[in-house]
Amino acid sequence: MPNSGSQRWHNCIYGQESEMIEVGVTCADGSAGTMKLPVQSPSKILEYLIHHCGLHLPDSLVANFWEHLDNMGDEWALSTKRFRQACAQQVWPVGIYGDEACIGLINAPTNQIYGIVLSLPLFRPKVTRVAKYLLFSIESDRVLNMQATLYPVFRYITDNLNQLAENGLNGRRFLVSELRGDQAWFRNIFQHASWWRKKEVCFRCQACTNQNHLNYLHYDDWISTRRSTEEFLFEELPQEMCPLVDLYFFHVSLIKHCTLHILNLGLLGVSNGSTLGMLVHMHVWGRLDDDDDWPRVLNAAFDDFVQWRKIHKVQCSQKRFTYKTVNRKDYGHFLNAKGYNARVLSEWLLAKIVEIRANPGNLILDERFDLTESTMRGVNRYFGLTERASRKLTLEQSQQIEEAGKAYLVGYRSLNYMSTRSGILAWVLVPKWHAFAHVLVDYVRLLRQNPRYVHTFGDEDMMMVLKGWAKNVKSKPREVGILKLSRMRMKTLQWRIPELRGHNRV
């Protein structure tokens with residue numbers, strides 16, 4: 001059994017060793033002030049995991065990670081090559097994730113909490129949340145602005161991670177290989193000039209809304225305009241930059257596009273809702289003569305979905321369909337669902353289309369039906385291929401995954417044009433369409449990396465844990481109590497990590 005821990009870590013659990021960082025906050029009366037809040041240092045977490053929990057990554061696993069990126073010509077990996085050769089130690093990749101989530105307090109229903117989480121991308125235990133470690137949290141109504149509140153925290157985290165790169169720990173060095181989060185998180189912390197509500201929609205390239213070859217709806221015409229790190233820093237960022245850009249070997253490609261938010265929680269909501277809407281208007285589950293018929297039809301559709309799940313033994317927490325969950329004012333048909341549920345719904349909808357194709361009865365199968373089938377087949381093939389593949393992709397795998405994803409995007413775009421001509425608000429095009437194209441080109445084609453390995457399903461699970469802590473903690477400020485609970489959870493890892501080591505895939 002690993003070492004049971006030192007008195008120092010016993011003290012750390014009860015909050016006696018947290019680093020207190022002074023940050024700008026919004027006071028209860030709305031005025032600006034300062035406050036000292038606890039931050040857990042990455043170095044202490046890694047020291048505890050390695051020394052007391054027996055965390056170990058095989059040298060071959062780490063070597064294969066770097067070898068693949070070097071062979072694929074990854075600019076960031078190549079920029080670190082001399083450093084890796086000079087230090088003559090294994091260099092473990094490290095990830096930083098950030099997000100905000102609604103706490104759900106009765107007396108403050110809109111209050112949210114920010115969380116910053118540390119992870120080791122090559123450590124993939126059977127229980128994902130065991131590999132996520134809270135560094136910092138703060139209630140959103142305390143945030144004065146990013147520069148005053150979160151930048152001091154990022155400065156501390158950056159300096160600490162740079163020390164780990166310089167000095168190492170227990171014969172290992174560490175470099176940040178991933179910055180994870182959704183598009184809103186990156187916009188908030190980096191404040192890049194190009195974003196989805198402007199004409200220039202992408203911080204990574206020069207794609208825009210103009211009707212020319214750089215239009216964001218062109219699949220890969222923008223590839224030659226991808227910004228270098230220097231262009232990102234000086235063209236996109238404000239004068240006061242986020243301290244994360246001072247990480248050793250910072251590269252713009254470290255900012256990872258997350259398919260959970262782009263695809264499962266974004267595009268798939270549109271395509272699932274639009275497909276369901278098409279089937280409803282085809283009267284697959286009964287006549288729809290006026291708005292009063294929606295509840296009856298949607299109940300029949302949901303019962304059909306439940307029956308399909310039972311036959312195929314698929315677990316899913318999707319709630320019953322209602323008019324509000326399948327229609328949005330700005331999107332038309334949009335099927336609201338959690339990330340995993342959206343993936344299950346897409347498979348059911350495709351199965352329903354295939355069933356209708358085999359036995360159409362009196363239903364009319366037009367061009368829109370045909371194109372919807374090929375589009376939904378593309379996204380489900382993308383899911384199937386990425387779910388079966390490991391971190392490193394062969395050339396054949398990368399070509400198949402990109403082909404499936406591209407078929408989905410091209411079909412999605414064509415269905416939008418078709419719906420617009422017909423006066424139907426469906427298959428609405430959004431900049432996430434372009435972000436998914438970046439995933440397919442930047443990760444799958446150029447690096448032959450499986451995008452599932454940089455999505456944030458596990459990180460979102462950690463945010464659920466954080467929400468639970470925020471709800472239940474009694475101490476004030478809430479952030480101090482949350483970090484104490486986080487450390488108490490870490491204390492259990494000295495027994496759990498050896499038992500929960502998964503089979504890492506390179």
# chains A, B, ... in the order shown; residues from 1 in each chain; ligands from 1

call {"tool": "closest_atom_pairs", "arguments": {"of": "stretch 10-80 of chain A", "to": "stretch 111-133 of chain A", "cutoff": "10 Å", "atoms": "only C-alpha atoms", "output": "CSV"}}
result
residue,atom,partner,partner_atom,distance
A:Val39,CA,A:Ile116,CA,9.7
A:Gln40,CA,A:Tyr133,CA,9.2
A:Ser41,CA,A:Leu118,CA,9.6
A:Pro42,CA,A:Leu118,CA,7.1
A:Ile45,CA,A:Tyr133,CA,7.7
A:Leu46,CA,A:Leu120,CA,9.4
A:Leu55,CA,A:Phe123,CA,8.8
A:His56,CA,A:Phe123,CA,8.5
A:Leu57,CA,A:Phe123,CA,7.0
A:Pro58,CA,A:Leu122,CA,9.7
A:Leu61,CA,A:Leu122,CA,7.7
A:Val62,CA,A:Leu122,CA,7.5
A:Phe65,CA,A:Leu122,CA,8.4

call {"tool": "select_by_dssp", "arguments": {"residues": "stretch 275-363 of chain A", "states": "helix (DSSP H, G or I)", "output": "JSON, numbers by chain"}}
result
{"A": [275, 276, 277, 278, 279, 280, 281, 291, 292, 293, 294, 295, 296, 297, 298, 299, 300, 301, 302, 303, 304, 305, 306, 307, 308, 309, 310, 311, 312, 323, 324, 325, 326, 339, 340, 341, 342, 343, 344, 345, 346, 347, 348, 349, 350, 351, 352, 353, 354, 355, 356, 357, 358]}

call {"tool": "closest_residue", "arguments": {"among": "A:Leu429, A:Glu139, A:Arg287, A:Ala300", "to": "A:Lys471", "atoms": "only C-alpha atoms"}}
result
A:Glu139

call {"tool": "closest_atom_pairs", "arguments": {"of": "stretch 95-208 of chain A", "to": "stretch 82-90 of chain A", "cutoff": "12 Å", "atoms": "only C-alpha atoms", "output": "CSV"}}
result
residue,atom,partner,partner_atom,distance
A:Ala165,CA,A:Phe83,CA,9.5
A:Glu166,CA,A:Cys87,CA,8.9
A:Asn167,CA,A:Cys87,CA,9.6
A:Gly168,CA,A:Gln89,CA,8.7
A:Leu169,CA,A:Gln89,CA,10.1
A:Asn170,CA,A:Gln89,CA,9.9
A:Gly171,CA,A:Gln89,CA,6.3
A:Arg172,CA,A:Gln90,CA,5.3
A:Arg173,CA,A:Gln90,CA,6.2
A:Phe174,CA,A:Gln90,CA,8.3
A:Leu175,CA,A:Arg84,CA,9.9

call {"tool": "write_last_selection", "arguments": {"atoms": "C-alpha atoms", "output": "mmCIF file, in the first residue's frame"}}
result
data_model
loop_
_atom_site.group_PDB
_atom_site.id
_atom_site.type_symbol
_atom_site.label_atom_id
_atom_site.label_comp_id
_atom_site.auth_asym_id
_atom_site.auth_seq_id
_atom_site.Cartn_x
_atom_site.Cartn_y
_atom_site.Cartn_z
ATOM 1 C CA ALA A 165 9.081 22.337 -16.076
ATOM 2 C CA GLU A 166 12.363 23.838 -14.829
ATOM 3 C CA ASN A 167 13.018 21.828 -11.696
ATOM 4 C CA GLY A 168 10.908 18.726 -12.138
ATOM 5 C CA LEU A 169 9.554 16.440 -9.451
ATOM 6 C CA ASN A 170 10.785 12.987 -8.475
ATOM 7 C CA GLY A 171 12.772 12.585 -11.688
ATOM 8 C CA ARG A 172 10.042 13.914 -13.972
ATOM 9 C CA ARG A 173 9.423 17.188 -15.764
ATOM 10 C CA PHE A 174 5.995 18.562 -16.677
ATOM 11 C CA LEU A 175 4.695 20.628 -19.603
#

call {"tool": "residues_around", "arguments": {"residues": "A:Ala470", "least_positions_apart": "4", "cutoff": "7 Å", "atoms": "only C-alpha atoms", "output": "PyMOL selection string"}}
result
chain A and resi 103+466+478+482

call {"tool": "residues_around", "arguments": {"residues": "stretch 263-273 of chain A", "least_positions_apart": "5", "cutoff": "9 Å", "atoms": "only C-alpha atoms", "output": "ChimeraX atom specification"}}
result
/A:258,278,325-327,331-343,345-346,349,372,375-376,379,412,426-430,432-433,436

call {"tool": "residues_around", "arguments": {"residues": "A:Gly33", "least_positions_apart": "6", "cutoff": "9 Å", "atoms": "only C-alpha atoms", "output": "short mmCIF file (atom, residue, chain, number, x, y, z; two decimals) with N, CA and C atoms, in the first residue's frame"}}
result
data_model
loop_
_atom_site.label_atom_id
_atom_site.label_comp_id
_atom_site.auth_asym_id
_atom_site.auth_seq_id
_atom_site.Cartn_x
_atom_site.Cartn_y
_atom_site.Cartn_z
N VAL A 23 -7.22 38.65 -4.73
CA VAL A 23 -7.85 38.91 -6.02
C VAL A 23 -8.88 40.02 -5.87
N GLY A 24 -9.16 40.67 -6.98
CA GLY A 24 -10.22 41.67 -6.98
C GLY A 24 -11.58 41.00 -7.01
N VAL A 25 -12.51 41.52 -6.23
CA VAL A 25 -13.85 40.93 -6.15
C VAL A 25 -14.91 42.03 -6.14
N THR A 26 -16.11 41.60 -6.45
CA THR A 26 -17.28 42.47 -6.28
C THR A 26 -17.86 42.21 -4.90
N CYS A 27 -17.93 43.25 -4.09
CA CYS A 27 -18.43 43.11 -2.72
C CYS A 27 -19.95 42.99 -2.72
N LEU A 144 -15.03 40.34 -10.28
CA LEU A 144 -15.04 41.76 -10.66
C LEU A 144 -14.86 41.87 -12.17
#

call {"tool": "atom_distance", "arguments": {"atom1": "atom CA of A:Leu217", "atom2": "atom CA of A:Arg421"}}
result
17.5 Å

call {"tool": "atom_distance", "arguments": {"atom1": "atom CA of A:Leu298", "atom2": "atom CA of A:Lys313"}}
result
21.9 Å

call {"tool": "atom_distance", "arguments": {"atom1": "atom CA of A:Thr80", "atom2": "atom CA of A:Arg226"}}
result
20.6 Å

call {"tool": "residues_around", "arguments": {"residues": "A:Phe369", "least_positions_apart": "5", "cutoff": "9 Å", "atoms": "only C-alpha atoms", "output": "list in words"}}
result
Thr275, Met278, Leu279, Ile353, Ile364 and Ser374 of chain A

call {"tool": "closest_residue", "arguments": {"among": "A:Arg357, A:Arg142, A:Lys352, A:Lys406", "to": "A:Ala437", "atoms": "only C-alpha atoms"}}
result
A:Lys406

call {"tool": "residues_around", "arguments": {"residues": "A:Ala193", "least_positions_apart": "6", "cutoff": "10 Å", "atoms": "only C-alpha atoms", "output": "JSON, numbers by chain"}}
result
{"A": [187, 200, 201, 202, 203, 232, 235, 236, 237, 238]}
